[in-house]
Every structure is written in structure tokens, then in C-alpha cells.
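Peer 1: Okay, handing you the structure first.
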Amino acid sequence: MSIKTLPSVSFPKSKRSGSFRIRPGRFFIYLALIAGSVIILLPFVWMIGASLKTEGDIFRYPLDLLPRFPTFQAYLDVWKRIPFARFFLNSIIFTGGVTIASLFFDSLTAFALARLNFKGRNVCFWIILATLMVPFQITLIPLFVTISDFHLINSFSGLIIPRLTNAFGIFMLRQFFISLPRDYDDAARIDGASNFRVYWQVILPLSTPALASLAVFHFMYNWNDFLWPLVMTTATEMRTLPAGLTLFMGQHVIEHAVLMAGAVISLAPLAIAFLFAQKYFVRGVVMSGLKG
């Protein structure tokens, strides 16, 4: 009996372990990303380093990026010389109030523009977009006069009410709502759901990425806003952090170390907000692209 031998099979040679190749195109991309990261991070490193220096060391020549002899005196001065805790609380109330209210009113308006059919819907949308082209400085004085007439200067109501809604937020959420299938709306309406119930129980739960992204945008913008709280508050106890830190800026002298220490502390809430929302942030921005 003859035994048939199987034909030999040749397997492709595996690459040597440990070998790592980068294509030239990707190499330049990585190089550009590293260079961009360094450029972006350099001011933050200098800010943290300056907050740990004395006023004389900040302007020492040659300049040092990091402190030779770190000191936390600037952080102590921030808490002792100004009502920093009060400024911090004011910023939390102002920024949190504006963010929560804007998310509600922006999403309501966006829902109407994206999911409801009514006469003049597109005209309303284009009018809202047109307000994005109006510089904020143009409306600042009329808003101040209006707030003053209602006796809301030096109040949280005067700070928050004019910012209850935002054209950018309406635009961003409208684009996201358009991308959602209308089958969800139809199924809810068959079960007898009203427009508000569709908005609250169907659309909003599906829009978590967009809402989280917009919340980060609103929080960052209002937390760092300097001009609006400075104009709308004249009492020191009503200042927010950016406006309150100007107390360390005199006509002839600026205390850079203390200013940098205050700036470092004020960055903490922004970092925390971004860390909590980062898993939704990129997805929300991508899914809210121009559509429809």
C-alpha cells in the first residue's frame, strides 16, 4: 500500500519581534503633533512655574522656566489679601447657573427648529445664526442700561438672565437633533406622547454627547469671562474670579506671582469638568457636524 505524502506548505515569515517602523508621512505628523503640544503646554508650564516664584525671580535674567527655589507664598497671598473663596463661589454660581439654564433653553429651541414643522422655521433659524455675527461689545452698553433699569446690577440675576440662551448652543444642538432618526418621535407619538414628552424622554436621553460637549463649552466660556462680570458688578463681594484677580493689577504695579497663583487655582474646575465630560466631548462635536 502506497502512502501519499501531503504537499509541503510554506508559511510567510513573521516579522522580527521588536521591529518598529514608522512611515515617513506619519513621522512628520507625529513630529507636528509633538511640536504643537509643546507650544500649547509651554504657557501653562510657565504659569505654574511663575506661581511658585517670588516677584524678583520671575524677571531674573536669564529667565528660568521652572523655579530654582519654589515657594507657595503667592498661593497664601491669594487667600489672605482678597476674598478669594467668595470670588470662587460667585464663579460657581454664575457659571453653573448659566450652563444649566442655557442647556435647557438651547435644547428647547433646537428641538423646535429641528423636529417640529411650523411656518417660518427656517427664517427663525437664520435670524438666530445672524446674531452670531454681532460682536458682543456692541450689545454690552444696551444690556448694561437695561439691567440697571431693572435694578439688577450687583446681583446673580443680572449676571445670569441675559445669558439664559446662546445662538451657538442652539445651532449645535439643532444639527445634532437633525441627525437623530424621526422613527423615535413617531413611535412616541403613537403612544400618545406630547411634543414636550418627546423632547424630554426621547430626544434628550439620545443627545447626551452633544449636551455634554455644549456644557463644557458654556462652562469654559463663562468661567473665563472677564468683561461681562466686570461691567455688571461694581461691588467687590459680587466679583467672579477673573474680575476679582484684577485687584492685584494696579496702575503702576502688577503682582505677577499672585496673579499666576490665582489663575492656577481657577483652572482646576475647568480641568475637572473636562475630565468628567471627555468621553462624550469628541463624539458630541463630531456628531453635531453640519447636516441638513
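In the C-alpha cells, chains take the letters A, B, ... in the order shown, each chain's residues start at 1, and ligands count up from 1 in the order shown.
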Write down as a PyMOL selection string the residues of region 21-216 of chain A whose backbone DSSP state falls under helix (DSSP H, G or I).

Peer 2: chain A and resi 24-51+55-58+73-81+84-115+121-133+136-149+156-163+167-179+183-190+195-206+208-216

Peer 1: Using C-alpha atoms, can you export the residues from the last selection as a short mmCIF file (atom, residue, chain, number, x, y, z; two decimals), in the first residue's frame?

Peer 2:
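Here's the written file part04.cif:
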```cif
data_model
loop_
_atom_site.label_atom_id
_atom_site.label_comp_id
_atom_site.auth_asym_id
_atom_site.auth_seq_id
_atom_site.Cartn_x
_atom_site.Cartn_y
_atom_site.Cartn_z
CA PRO A 24 7.67 58.94 6.63
CA GLY A 25 4.24 60.54 6.39
CA ARG A 26 3.27 59.51 9.90
CA PHE A 27 6.65 60.54 11.26
CA PHE A 28 6.05 64.16 10.21
CA ILE A 29 2.51 64.01 11.58
CA TYR A 30 3.80 62.80 14.96
CA LEU A 31 6.51 65.45 14.88
CA ALA A 32 3.96 68.18 14.18
CA LEU A 33 1.70 66.91 16.98
CA ILE A 34 4.58 66.88 19.45
CA ALA A 35 5.63 70.39 18.42
CA GLY A 36 2.05 71.63 18.72
CA SER A 37 1.69 70.04 22.18
CA VAL A 38 4.87 71.72 23.38
CA ILE A 39 3.69 75.11 22.09
CA ILE A 40 0.31 74.69 23.79
CA LEU A 41 1.70 73.43 27.11
CA LEU A 42 4.55 75.94 27.39
CA PRO A 43 2.40 78.86 28.66
CA PHE A 44 0.80 76.59 31.28
CA VAL A 45 4.20 75.37 32.47
CA TRP A 46 5.40 78.98 32.70
CA MET A 47 2.23 79.97 34.60
CA ILE A 48 2.68 77.20 37.17
CA GLY A 49 6.39 77.97 37.48
CA ALA A 50 5.74 81.70 37.93
CA SER A 51 3.20 81.00 40.68
CA GLU A 55 8.30 88.53 42.19
CA GLY A 56 12.03 89.13 41.71
CA ASP A 57 12.70 85.63 40.38
CA ILE A 58 10.06 85.98 37.67
CA GLN A 73 3.78 82.38 49.31
CA ALA A 74 1.79 83.56 46.27
CA TYR A 75 -0.94 80.98 46.97
CA LEU A 76 -1.13 82.12 50.59
CA ASP A 77 -1.38 85.77 49.47
CA VAL A 78 -4.30 84.93 47.16
CA TRP A 79 -6.36 83.63 50.07
CA LYS A 80 -5.29 86.30 52.58
CA ARG A 81 -5.38 89.55 50.60
CA PHE A 84 -10.83 84.51 47.05
CA ALA A 85 -13.33 81.98 48.45
CA ARG A 86 -16.16 84.45 47.78
CA PHE A 87 -14.94 85.04 44.22
CA PHE A 88 -14.72 81.30 43.69
CA LEU A 89 -18.29 80.78 44.95
CA ASN A 90 -19.55 83.62 42.74
CA SER A 91 -17.94 81.99 39.71
CA ILE A 92 -19.53 78.64 40.57
CA ILE A 93 -23.00 80.18 40.93
CA PHE A 94 -22.69 82.33 37.81
CA THR A 95 -21.12 79.68 35.58
CA GLY A 96 -23.25 76.80 36.86
CA GLY A 97 -26.47 78.81 36.57
CA VAL A 98 -25.72 79.95 33.03
CA THR A 99 -24.65 76.46 31.92
CA ILE A 100 -27.74 74.68 33.28
CA ALA A 101 -30.18 77.33 32.02
CA SER A 102 -28.51 77.52 28.61
CA LEU A 103 -28.65 73.75 28.13
CA PHE A 104 -32.38 73.77 28.86
CA PHE A 105 -33.38 76.76 26.71
CA ASP A 106 -30.93 75.98 23.89
CA SER A 107 -32.18 72.40 23.65
CA LEU A 108 -35.82 73.53 23.72
CA THR A 109 -35.26 75.95 20.87
CA ALA A 110 -33.16 73.46 18.93
CA PHE A 111 -35.87 70.81 19.32
CA ALA A 112 -38.47 73.16 17.86
CA LEU A 113 -36.23 74.10 14.93
CA ALA A 114 -35.17 70.52 14.20
CA ARG A 115 -38.20 68.31 14.94
CA ARG A 121 -38.97 77.79 10.96
CA ASN A 122 -36.01 78.33 8.64
CA VAL A 123 -36.37 82.12 8.89
CA CYS A 124 -36.14 81.89 12.68
CA PHE A 125 -33.07 79.69 12.38
CA TRP A 126 -31.27 82.11 10.06
CA ILE A 127 -32.10 85.06 12.32
CA ILE A 128 -30.57 83.18 15.25
CA LEU A 129 -27.47 82.44 13.18
CA ALA A 130 -27.23 86.12 12.19
CA THR A 131 -26.82 87.08 15.85
CA LEU A 132 -23.53 85.15 15.88
CA MET A 133 -22.10 87.83 13.60
CA PHE A 136 -20.67 91.17 21.98
CA GLN A 137 -19.19 94.63 22.62
CA ILE A 138 -21.96 96.23 20.55
CA THR A 139 -24.70 94.91 22.84
CA LEU A 140 -22.80 95.44 26.08
CA ILE A 141 -23.91 99.04 26.74
CA PRO A 142 -27.62 98.46 25.89
CA LEU A 143 -27.58 95.39 28.13
CA PHE A 144 -25.98 97.34 30.96
CA VAL A 145 -28.62 100.09 30.69
CA THR A 146 -31.42 97.51 30.67
CA ILE A 147 -30.02 95.62 33.66
CA SER A 148 -29.56 98.93 35.50
CA ASP A 149 -33.17 99.96 34.77
CA PHE A 156 -26.71 86.99 40.20
CA SER A 157 -29.95 87.58 38.31
CA GLY A 158 -28.33 90.43 36.38
CA LEU A 159 -25.37 88.21 35.53
CA ILE A 160 -27.32 85.09 34.55
CA ILE A 161 -30.58 86.23 32.90
CA PRO A 162 -29.04 87.88 29.79
CA ARG A 163 -27.17 84.61 29.13
CA ALA A 167 -27.10 81.14 19.46
CA PHE A 168 -24.12 78.82 19.16
CA GLY A 169 -25.73 76.31 21.53
CA ILE A 170 -28.98 76.38 19.56
CA PHE A 171 -27.11 75.83 16.31
CA MET A 172 -25.01 72.97 17.67
CA LEU A 173 -27.94 71.10 19.24
CA ARG A 174 -30.16 71.63 16.19
CA GLN A 175 -27.56 69.98 13.97
CA PHE A 176 -27.38 67.05 16.38
CA PHE A 177 -31.16 66.67 16.67
CA ILE A 178 -31.49 66.57 12.89
CA SER A 179 -29.16 63.56 12.77
CA ASP A 183 -38.82 56.99 13.93
CA TYR A 184 -38.28 57.64 17.64
CA ASP A 185 -40.64 60.63 17.52
CA ASP A 186 -43.29 58.74 15.57
CA ALA A 187 -43.19 55.77 17.94
CA ALA A 188 -43.58 58.05 20.96
CA ARG A 189 -46.46 60.00 19.40
CA ILE A 190 -48.27 56.75 18.55
CA ASN A 195 -44.11 67.32 21.96
CA PHE A 196 -42.58 68.13 25.33
CA ARG A 197 -42.58 64.48 26.36
CA VAL A 198 -40.87 63.55 23.10
CA TYR A 199 -38.28 66.24 23.80
CA TRP A 200 -37.76 65.28 27.45
CA GLN A 201 -37.95 61.49 27.36
CA VAL A 202 -36.78 60.64 23.84
CA ILE A 203 -34.55 63.33 22.34
CA LEU A 204 -32.58 64.44 25.42
CA PRO A 205 -31.52 60.91 26.52
CA LEU A 206 -30.24 60.28 22.98
CA THR A 208 -26.00 63.05 25.91
CA PRO A 209 -22.79 63.52 23.84
CA ALA A 210 -23.96 66.83 22.36
CA LEU A 211 -25.27 68.12 25.70
CA ALA A 212 -22.03 67.21 27.48
CA SER A 213 -19.95 68.91 24.79
CA LEU A 214 -22.07 72.05 24.92
CA ALA A 215 -21.93 72.07 28.72
CA VAL A 216 -18.12 72.08 28.55
#
```

Peer 1: One number please: CA of Ile265 (chain A) to CA of Arg239 (chain A), in Å, one decimal.

Peer 2: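 We find that CA of Ile265 (chain A) and CA of Arg239 (chain A) lie 16.1 Å from each other.
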
Peer 1: For CA of Pro242 (chain A) and CA of Asp225 (chain A), determine how far apart the two atoms are, in Å to one decimal place.

Peer 2: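 Going from CA of Pro242 (chain A) over to CA of Asp225 (chain A), I get 6.8 Å.
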
Peer 1: For Leu247 (chain A), work out the shell of residues within 12 Å, counting only C-alpha atoms and skipping chain neighbours fewer than 3 positions away, then give it as a list in words.

Peer 2: Val78, Arg81, Ile82, Pro83, Phe84, Phe87, Leu230, Thr236, Arg239, Thr240, Leu241, Pro242, Ala243, Gly244, Gly250, Gln251, Val253, Ile254, Glu255, His256, Val258, Leu259 and Gly262 of chain A

Peer 1: Would you write out those residues with N, CA and C atoms, as a PDB file, in the first residue's frame?

Peer 2:
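What follows is the written file selection03.pdb:
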```pdb
ATOM      1  N   VAL A  78      -3.005  84.924  47.854  1.00  0.00           N
ATOM      2  CA  VAL A  78      -4.297  84.934  47.160  1.00  0.00           C
ATOM      3  C   VAL A  78      -5.434  84.781  48.157  1.00  0.00           C
ATOM      4  N   ARG A  81      -5.260  88.135  50.964  1.00  0.00           N
ATOM      5  CA  ARG A  81      -5.376  89.546  50.600  1.00  0.00           C
ATOM      6  C   ARG A  81      -6.650  89.890  49.845  1.00  0.00           C
ATOM      7  N   ILE A  82      -7.335  88.907  49.303  1.00  0.00           N
ATOM      8  CA  ILE A  82      -8.620  89.152  48.645  1.00  0.00           C
ATOM      9  C   ILE A  82      -9.599  88.080  49.101  1.00  0.00           C
ATOM     10  N   PRO A  83     -10.921  88.355  49.014  1.00  0.00           N
ATOM     11  CA  PRO A  83     -11.911  87.310  49.371  1.00  0.00           C
ATOM     12  C   PRO A  83     -11.998  86.244  48.276  1.00  0.00           C
ATOM     13  N   PHE A  84     -10.929  85.462  48.157  1.00  0.00           N
ATOM     14  CA  PHE A  84     -10.833  84.511  47.050  1.00  0.00           C
ATOM     15  C   PHE A  84     -11.943  83.463  47.114  1.00  0.00           C
ATOM     16  N   PHE A  87     -15.044  84.961  45.688  1.00  0.00           N
ATOM     17  CA  PHE A  87     -14.945  85.045  44.223  1.00  0.00           C
ATOM     18  C   PHE A  87     -15.159  83.669  43.585  1.00  0.00           C
ATOM     19  N   LEU A 230     -17.211  92.017  35.070  1.00  0.00           N
ATOM     20  CA  LEU A 230     -16.574  93.261  35.498  1.00  0.00           C
ATOM     21  C   LEU A 230     -17.500  94.454  35.290  1.00  0.00           C
ATOM     22  N   THR A 236     -17.237  94.659  45.307  1.00  0.00           N
ATOM     23  CA  THR A 236     -16.167  93.659  45.334  1.00  0.00           C
ATOM     24  C   THR A 236     -16.693  92.275  45.671  1.00  0.00           C
ATOM     25  N   ARG A 239     -17.829  90.067  42.637  1.00  0.00           N
ATOM     26  CA  ARG A 239     -16.920  89.778  41.529  1.00  0.00           C
ATOM     27  C   ARG A 239     -16.726  88.274  41.361  1.00  0.00           C
ATOM     28  N   THR A 240     -16.495  87.867  40.138  1.00  0.00           N
ATOM     29  CA  THR A 240     -16.101  86.491  39.868  1.00  0.00           C
ATOM     30  C   THR A 240     -14.570  86.420  39.853  1.00  0.00           C
ATOM     31  N   LEU A 241     -14.025  85.219  39.692  1.00  0.00           N
ATOM     32  CA  LEU A 241     -12.571  85.052  39.776  1.00  0.00           C
ATOM     33  C   LEU A 241     -11.801  85.910  38.766  1.00  0.00           C
ATOM     34  N   PRO A 242     -12.118  85.852  37.459  1.00  0.00           N
ATOM     35  CA  PRO A 242     -11.335  86.667  36.519  1.00  0.00           C
ATOM     36  C   PRO A 242     -11.392  88.159  36.848  1.00  0.00           C
ATOM     37  N   ALA A 243     -12.580  88.650  37.248  1.00  0.00           N
ATOM     38  CA  ALA A 243     -12.709  90.070  37.587  1.00  0.00           C
ATOM     39  C   ALA A 243     -12.064  90.376  38.931  1.00  0.00           C
ATOM     40  N   GLY A 244     -12.151  89.451  39.883  1.00  0.00           N
ATOM     41  CA  GLY A 244     -11.584  89.689  41.202  1.00  0.00           C
ATOM     42  C   GLY A 244     -10.069  89.712  41.206  1.00  0.00           C
ATOM     43  N   GLY A 250      -2.423  96.982  39.676  1.00  0.00           N
ATOM     44  CA  GLY A 250      -2.517  98.407  39.942  1.00  0.00           C
ATOM     45  C   GLY A 250      -2.180  99.231  38.714  1.00  0.00           C
ATOM     46  N   GLN A 251      -2.186 100.544  38.876  1.00  0.00           N
ATOM     47  CA  GLN A 251      -1.883 101.428  37.751  1.00  0.00           C
ATOM     48  C   GLN A 251      -0.419 101.341  37.368  1.00  0.00           C
ATOM     49  N   VAL A 253       1.887  98.926  39.188  1.00  0.00           N
ATOM     50  CA  VAL A 253       2.488  97.674  39.633  1.00  0.00           C
ATOM     51  C   VAL A 253       1.521  96.526  39.374  1.00  0.00           C
ATOM     52  N   ILE A 254       2.041  95.436  38.847  1.00  0.00           N
ATOM     53  CA  ILE A 254       1.276  94.201  38.661  1.00  0.00           C
ATOM     54  C   ILE A 254       1.983  93.089  39.408  1.00  0.00           C
ATOM     55  N   GLU A 255       1.270  92.430  40.285  1.00  0.00           N
ATOM     56  CA  GLU A 255       1.843  91.337  41.067  1.00  0.00           C
ATOM     57  C   GLU A 255       1.661  90.030  40.295  1.00  0.00           C
ATOM     58  N   HIS A 256       2.646  89.698  39.503  1.00  0.00           N
ATOM     59  CA  HIS A 256       2.523  88.573  38.588  1.00  0.00           C
ATOM     60  C   HIS A 256       2.436  87.237  39.310  1.00  0.00           C
ATOM     61  N   VAL A 258       1.243  86.426  42.279  1.00  0.00           N
ATOM     62  CA  VAL A 258      -0.071  86.203  42.880  1.00  0.00           C
ATOM     63  C   VAL A 258      -1.127  85.996  41.803  1.00  0.00           C
ATOM     64  N   LEU A 259      -1.032  86.750  40.715  1.00  0.00           N
ATOM     65  CA  LEU A 259      -1.970  86.566  39.600  1.00  0.00           C
ATOM     66  C   LEU A 259      -1.869  85.163  39.022  1.00  0.00           C
ATOM     67  N   GLY A 262      -3.474  82.632  41.383  1.00  0.00           N
ATOM     68  CA  GLY A 262      -4.932  82.655  41.252  1.00  0.00           C
ATOM     69  C   GLY A 262      -5.408  81.991  39.967  1.00  0.00           C
TER      70      GLY A 262
END
```

Peer 1: May I ask for the distance between CA of Met249 (chain A) and CA of Met220 (chain A), given in Å to one decimal place?

Peer 2: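 Atom-to-atom, CA of Met249 (chain A) and CA of Met220 (chain A) are spaced 23.2 Å apart.
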
Peer 1: Please determine, counting only C-alpha atoms, which residue among A:Leu116, A:Ala273, A:Ala235, A:Ala257 has the shortest atom-to-atom distance to Leu52 (chain A).

Peer 2: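 Answer, going by the shortest atom-to-atom distance: A:Ala257.
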